[in-house]
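Containing CSV, C-alpha atoms: work_31.csv.
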```csv
chain,number,residue,atom,x,y,z
W,1,MET,CA,11.8,30.3,3.9
W,2,GLU,CA,12.8,30.3,7.6
W,3,ILE,CA,10.3,29.9,10.4
W,4,GLU,CA,10.7,32.2,13.3
W,5,THR,CA,8.8,31.9,16.6
W,6,LEU,CA,7.9,35.2,18.1
W,7,GLY,CA,7.6,35.5,21.9
W,8,ILE,CA,4.2,37.1,21.6
W,9,LYS,CA,1.9,36.9,24.6
W,10,ILE,CA,-1.7,36.8,23.5
W,11,PRO,CA,-3.9,38.0,26.3
W,12,ARG,CA,-6.8,35.8,27.5
W,13,ILE,CA,-9.8,37.4,29.3
W,14,ASN,CA,-11.9,35.0,31.3
W,15,ASN,CA,-15.6,35.5,31.0
W,16,TYR,CA,-17.2,34.8,34.4
W,17,SER,CA,-20.7,34.2,33.1
W,18,SER,CA,-22.4,30.9,33.6
W,19,SER,CA,-21.4,29.8,30.1
W,20,GLY,CA,-17.8,29.4,31.2
W,21,CYS,CA,-16.4,30.5,27.9
W,22,THR,CA,-13.0,32.2,27.4
W,23,LEU,CA,-12.6,35.4,25.4
W,24,LEU,CA,-9.4,36.1,23.5
W,25,GLY,CA,-8.2,39.7,23.2
W,26,PHE,CA,-5.6,40.9,20.7
W,27,ASN,CA,-3.8,44.2,20.5
W,28,LEU,CA,-3.3,44.2,16.7
W,29,PRO,CA,-1.1,47.4,16.6
W,30,ASP,CA,1.3,45.9,19.1
W,31,LEU,CA,1.3,42.5,17.3
W,32,ILE,CA,2.0,44.1,14.0
W,33,ALA,CA,4.9,46.2,15.4
W,34,THR,CA,6.4,43.1,16.9
W,35,MET,CA,6.1,41.2,13.6
W,36,LYS,CA,7.8,44.0,11.7
W,37,GLN,CA,10.8,44.0,14.1
W,38,SER,CA,11.4,40.3,13.6
W,39,TYR,CA,14.3,38.8,11.7
W,40,THR,CA,11.9,37.1,9.2
W,41,TRP,CA,10.3,40.5,8.3
W,42,ILE,CA,13.6,42.4,8.2
W,43,SER,CA,15.1,39.8,5.9
W,44,GLY,CA,12.3,40.3,3.4
W,45,GLU,CA,10.1,37.4,4.1
W,46,LEU,CA,6.3,37.6,4.7
W,47,ASN,CA,5.5,37.2,8.4
W,48,ALA,CA,2.5,35.4,9.9
W,49,THR,CA,1.3,34.8,13.5
W,50,VAL,CA,-1.4,32.3,14.3
W,51,LEU,CA,-3.8,34.0,16.7
W,52,LEU,CA,-6.3,31.1,17.0
W,53,ASN,CA,-6.0,27.5,15.9
W,54,SER,CA,-9.1,25.5,16.8
W,55,THR,CA,-10.9,22.5,15.3
W,56,ASP,CA,-13.4,24.8,13.5
W,57,LYS,CA,-11.4,27.9,12.6
W,58,GLN,CA,-8.0,29.4,12.3
W,59,ILE,CA,-7.1,33.1,12.5
W,60,VAL,CA,-3.8,34.3,11.1
W,61,LEU,CA,-2.3,37.8,11.2
W,62,THR,CA,-0.2,38.1,8.1
W,63,ALA,CA,2.2,40.9,6.9
W,64,LEU,CA,3.4,41.1,3.3
W,65,HIS,CA,6.1,43.3,1.8
W,66,GLU,CA,5.4,45.6,-1.2
W,67,GLY,CA,5.5,43.5,-4.3
W,68,THR,CA,4.9,40.1,-2.6
W,69,GLU,CA,2.9,37.7,-4.7
W,70,ILE,CA,1.4,34.4,-3.6
W,71,LYS,CA,0.6,32.4,-6.7
W,72,SER,CA,-2.1,29.8,-7.3
W,73,PHE,CA,-3.6,29.0,-3.9
W,74,GLN,CA,-6.7,27.0,-3.3
W,75,SER,CA,-8.2,26.2,0.1
W,76,ASN,CA,-10.5,23.3,0.8
W,77,GLU,CA,-12.2,25.6,3.3
W,78,SER,CA,-13.9,29.0,3.2
W,79,VAL,CA,-11.5,31.8,3.8
W,80,THR,CA,-12.0,35.5,4.9
W,81,PHE,CA,-9.5,38.3,4.4
W,82,GLN,CA,-9.8,41.5,6.4
W,83,ILE,CA,-7.3,44.2,5.4
W,84,ILE,CA,-5.8,46.0,8.4
W,85,GLU,CA,-3.1,48.0,6.5
W,86,GLY,CA,-2.4,48.5,2.8
W,87,LYS,CA,-4.1,46.9,-0.2
W,88,LEU,CA,-4.3,43.3,-1.4
W,89,ARG,CA,-5.2,42.4,-5.0
W,90,PHE,CA,-6.9,39.0,-5.6
W,91,HIS,CA,-6.9,37.2,-8.9
W,92,MET,CA,-9.6,34.6,-9.5
W,93,ARG,CA,-10.1,33.1,-12.9
W,94,LYS,CA,-10.2,36.2,-15.2
W,95,ASP,CA,-11.3,38.6,-12.5
W,96,ALA,CA,-9.3,40.8,-10.2
W,97,VAL,CA,-10.5,42.5,-7.0
W,98,THR,CA,-8.5,44.9,-4.8
W,99,LEU,CA,-9.3,45.3,-1.1
W,100,SER,CA,-8.1,48.3,0.9
W,101,GLU,CA,-7.7,49.0,4.6
W,102,GLY,CA,-10.9,48.2,6.5
W,103,GLN,CA,-12.4,46.0,3.8
W,104,LEU,CA,-13.3,42.3,4.1
W,105,MET,CA,-13.9,39.6,1.6
W,106,THR,CA,-14.9,35.9,1.8
W,107,ILE,CA,-13.9,33.3,-0.7
W,108,ASP,CA,-15.7,30.0,-0.8
W,109,GLU,CA,-13.9,26.7,-0.6
W,110,LYS,CA,-12.2,25.2,-3.6
W,111,ILE,CA,-11.8,28.5,-5.4
W,112,LYS,CA,-8.4,29.0,-6.9
W,113,TYR,CA,-6.9,32.4,-6.4
W,114,SER,CA,-3.6,34.3,-6.1
W,115,VAL,CA,-2.8,37.5,-4.2
W,116,THR,CA,-0.5,40.5,-4.8
W,117,ALA,CA,0.5,43.2,-2.3
W,118,ASP,CA,1.4,46.3,-4.4
W,119,VAL,CA,2.1,48.1,-1.1
W,120,GLU,CA,3.1,46.8,2.4
W,121,THR,CA,0.0,45.0,3.6
W,122,VAL,CA,-1.2,43.5,6.8
W,123,PHE,CA,-4.4,41.3,6.9
W,124,LEU,CA,-6.3,38.9,9.1
W,125,LEU,CA,-6.9,35.5,7.4
W,126,THR,CA,-9.7,33.4,8.9
W,127,ILE,CA,-10.1,29.9,7.7
W,128,SER,CA,-13.4,28.2,8.6
W,129,ASN,CA,-12.9,24.5,8.9
W,130,LYS,CA,-16.0,22.3,8.2
W,131,ILE,CA,-16.3,19.6,10.8
W,132,LYS,CA,-17.4,16.5,9.0
W,133,GLY,CA,-20.5,14.8,10.3
W,134,THR,CA,-22.0,17.8,12.1
W,135,VAL,CA,-24.9,19.9,11.1
W,136,LYS,CA,-25.1,23.5,12.3
W,137,ASN,CA,-28.6,25.0,12.7
```
Translate the structure described by the file into structure tokens.
Amino acid sequence: MEIETLGIKIPRINNYSSSGCTLLGFNLPDLIATMKQSYTWISGELNATVLLNSTDKQIVLTALHEGTEIKSFQSNESVTFQIIEGKLRFHMRKDAVTLSEGQLMTIDEKIKYSVTADVETVFLLTISNKIKGTVKN
């Protein structure tokens, strides 16, 4: 599989409140259109763009071609899938669940699963990294 770097500008919106935080804004339809024009996508590979990569979470926009199957995956972290376009079928143990456009599902850490896209599918994958030694109230 080849890795392609897309020249996608991800807009940042500064929040001028006293908290000094930064808000990230994403135009998903434009990002998806750009991904589907890339060499990686046109050559038949899945395509993924990292939208956020921080110490406590990652957000990845992923596009799969019809018939794509990702076998036997297990994350050490909790993951969330939000379907933007299409459908994604999850296989966990003896169960199967299909998510459609607009649906969201969370899978706890250390759960082994595989996914199949029976149609062209785009989804947001959020990985929640546990920070060792910290307790959240």
Residues near segment 117-132 of chain W, anyone? I mean within 8 Å using all atoms listed in the file, not counting same-chain ones fewer than 2 positions away, as a VMD selection string.
chain W and resid 32 55 to 69 77 to 89 115 134
The residues within 10 Å of (-12.4, 34.1, -1.8), using all atoms listed in the file and the coordinates of the file, should be reported as an MDAnalysis selection string; which are they?
chainID W and resid 74:75 77:81 90:92 105:114
Listed atoms of segment 93-98 of chain W, axis-aligned box, 4 Å per side: centre and edge lengths to one decimal in Å, as AutoDock Vina command-line options?
```
--center_x -9.9 --center_y 39.0 --center_z -10.0 --size_x 10.8 --size_y 19.8 --size_z 18.4
```
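Separating atom CA of Leu51 of chain W from atom CA of Ala96 of chain W is a distance of 28.3 Å.
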What gap, in Å, lies between atom CA of Ala33 of chain W and atom CA of Leu104 of chain W?
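Atom-to-atom, atom CA of Ala33 of chain W and atom CA of Leu104 of chain W are spaced 21.8 Å apart.
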What separation in Å, quoted to one decimal, exists between atom CA of Lys36 of chain W and atom CA of Lys71 of chain W?
22.9 Å
